[in-house]
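Structure data follow from entry-v4.pdb (PDB, C-alpha atoms, pLDDT in the B column):
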ATOM      1  CA  VAL A   1     -36.195 -11.446  37.379  1.00 96.00           C
ATOM      2  CA  ILE A   2     -35.017 -14.918  36.372  1.00 98.00           C
ATOM      3  CA  VAL A   3     -34.583 -17.078  39.498  1.00 98.00           C
ATOM      4  CA  ASP A   4     -34.051 -20.773  40.258  1.00 98.00           C
ATOM      5  CA  ASP A   5     -37.269 -21.092  42.278  1.00 98.00           C
ATOM      6  CA  PRO A   6     -39.951 -18.470  41.572  1.00 98.00           C
ATOM      7  CA  ASP A   7     -42.318 -20.052  44.096  1.00 98.00           C
ATOM      8  CA  ALA A   8     -39.795 -19.664  46.923  1.00 98.00           C
ATOM      9  CA  VAL A   9     -38.911 -16.102  45.912  1.00 97.00           C
ATOM     10  CA  ALA A  10     -42.584 -15.109  45.748  1.00 97.00           C
ATOM     11  CA  ASP A  11     -43.195 -16.714  49.150  1.00 97.00           C
ATOM     12  CA  ALA A  12     -40.219 -14.828  50.629  1.00 96.00           C
ATOM     13  CA  LEU A  13     -41.518 -11.534  49.240  1.00 95.00           C
ATOM     14  CA  VAL A  14     -44.934 -12.165  50.767  1.00 96.00           C
ATOM     15  CA  GLU A  15     -43.370 -13.091  54.114  1.00 96.00           C
ATOM     16  CA  ALA A  16     -41.474  -9.772  53.984  1.00 95.00           C
ATOM     17  CA  GLY A  17     -44.728  -7.851  53.551  1.00 96.00           C
ATOM     18  CA  GLY A  18     -45.255  -8.091  49.802  1.00 97.00           C
ATOM     19  CA  GLU A  19     -48.485  -8.883  47.982  1.00 97.00           C
ATOM     20  CA  VAL A  20     -49.183 -11.422  45.242  1.00 98.00           C
ATOM     21  CA  LEU A  21     -50.475  -9.658  42.139  1.00 98.00           C
ATOM     22  CA  ILE A  22     -50.477 -12.698  39.825  1.00 98.00           C
ATOM     23  CA  PRO A  23     -49.867 -16.137  41.372  1.00 98.00           C
ATOM     24  CA  VAL A  24     -46.845 -18.153  40.259  1.00 98.00           C
ATOM     25  CA  ASP A  25     -47.937 -20.740  37.706  1.00 98.00           C
ATOM     26  CA  ASP A  26     -46.762 -22.448  34.516  1.00 97.00           C
ATOM     27  CA  ARG A  27     -47.377 -20.179  31.515  1.00 96.00           C
ATOM     28  CA  PHE A  28     -48.146 -21.270  27.954  1.00 94.00           C
ATOM     29  CA  TYR A  29     -44.962 -19.614  26.662  1.00 95.00           C
ATOM     30  CA  GLY A  30     -42.623 -21.908  28.613  1.00 96.00           C
ATOM     31  CA  TYR A  31     -42.011 -20.075  31.892  1.00 98.00           C
ATOM     32  CA  ARG A  32     -43.117 -20.607  35.470  1.00 98.00           C
ATOM     33  CA  GLU A  33     -43.733 -17.117  36.745  1.00 98.00           C
ATOM     34  CA  GLY A  34     -45.811 -14.760  38.810  1.00 98.00           C
ATOM     35  CA  ARG A  35     -45.941 -11.107  39.847  1.00 98.00           C
ATOM     36  CA  VAL A  36     -45.445  -9.846  43.391  1.00 98.00           C
ATOM     37  CA  ALA A  37     -45.393  -6.296  44.744  1.00 97.00           C
ATOM     38  CA  ASP A  38     -42.731  -5.664  47.382  1.00 93.00           C
ATOM     39  CA  PRO A  39     -43.590  -3.710  50.556  1.00 92.00           C
ATOM     40  CA  PHE A  40     -42.665  -0.468  48.753  1.00 93.00           C
ATOM     41  CA  GLY A  41     -45.132  -1.096  45.930  1.00 91.00           C
ATOM     42  CA  HIS A  42     -42.627  -2.141  43.247  1.00 96.00           C
ATOM     43  CA  ALA A  43     -43.953  -4.996  41.111  1.00 97.00           C
ATOM     44  CA  TRP A  44     -41.600  -7.876  40.361  1.00 97.00           C
ATOM     45  CA  ILE A  45     -42.052 -10.693  37.885  1.00 98.00           C
ATOM     46  CA  VAL A  46     -40.192 -13.745  39.168  1.00 98.00           C
ATOM     47  CA  SER A  47     -39.725 -16.478  36.599  1.00 98.00           C
ATOM     48  CA  ARG A  48     -37.859 -19.575  35.494  1.00 98.00           C
ATOM     49  CA  LYS A  49     -37.776 -21.102  32.029  1.00 98.00           C
ATOM     50  CA  ILE A  50     -39.360 -24.544  32.106  1.00 97.00           C
ATOM     51  CA  ALA A  51     -39.576 -25.424  28.394  1.00 96.00           C
ATOM     52  CA  ASP A  52     -38.121 -24.482  25.038  1.00 96.00           C
ATOM     53  CA  LEU A  53     -41.176 -24.027  22.828  1.00 95.00           C
ATOM     54  CA  ASP A  54     -41.405 -23.402  19.114  1.00 95.00           C
ATOM     55  CA  ASP A  55     -43.311 -20.463  17.668  1.00 94.00           C
ATOM     56  CA  ALA A  56     -46.291 -22.610  16.653  1.00 95.00           C
ATOM     57  CA  THR A  57     -46.782 -23.900  20.200  1.00 94.00           C
ATOM     58  CA  ILE A  58     -46.626 -20.397  21.661  1.00 94.00           C
ATOM     59  CA  GLN A  59     -49.024 -19.118  19.010  1.00 95.00           C
ATOM     60  CA  ALA A  60     -51.454 -21.906  19.876  1.00 94.00           C
ATOM     61  CA  GLY A  61     -51.383 -20.667  23.480  1.00 94.00           C
ATOM     62  CA  VAL A  62     -52.079 -17.098  22.351  1.00 94.00           C
ATOM     63  CA  ASP A  63     -54.932 -18.304  20.122  1.00 94.00           C
ATOM     64  CA  GLU A  64     -56.453 -20.203  23.050  1.00 93.00           C
ATOM     65  CA  LEU A  65     -56.384 -17.049  25.194  1.00 90.00           C
ATOM     66  CA  GLU A  66     -58.113 -15.064  22.452  1.00 92.00           C
ATOM     67  CA  SER A  67     -60.941 -17.556  22.005  1.00 86.00           C
TER      68      SER A  67
END

Target format structure tokens, applied to this file:
Amino acid sequence: VIVDDPDAVADALVEAGGEVLIPVDDRFYGYREGRVADPFGHAWIVSRKIADLDDATIQAGVDELES
């Protein structure tokens, strides 16, 4: 789900009984995002675009993960 403030949304989900699966953080592909399970067990990715990146920059991030 694209939101204005993924940190606040993730915090609200946790306060409502959810669980952080992947903490909200800046990702190499230009999004700030994380994954939270709601109290019913549904996993949500909350994100916001933080940068417009070209293919080469994203590929460099993928290559770094693979090394």

Handout entry: Contact residues around Asp11 in chain A with all atoms listed in the file at 12 Å, ignoring same-chain residues under 4 positions, as number ranges by chain
Key = A: 5-7, 15-20, 23-24, 34-38, 46

Exercise for the section: Might you pull out every residue within 12 Å of Arg48 in chain A, with all atoms listed in the file counted and same-chain residues fewer than 4 positions away left off, and present them as number ranges by chain? Expected result: A: 1-9, 24-27, 29-34, 52

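The space separating CA of Leu53 in chain A from CA of Glu66 in chain A comes to 19.2 Å.
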
Completion exercise
As a check of understanding: the span from CA of Leu13 in chain A to CA of Ala51 in chain A is 25.1 Å

Completion exercise
Between A:Phe28, A:His42, A:Ile22, A:Ala12, smallest distance to Val62 in chain A by only C-alpha atoms belongs to A:Phe28

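For the residues A:Asp55, A:Leu21, A:Leu65, A:Ala60, ranking by smallest atom-to-atom distance to Gly41 in chain A using only C-alpha atoms places A:Leu21 first.
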
Centre, x/y/z edge lengths, axis-aligned box for range 31-50 of chain A with 6 Å per side, as AutoDock Vina command-line options:
--center_x -41.9 --center_y -12.5 --center_z 41.2 --size_x 20.2 --size_y 36.1 --size_z 30.7
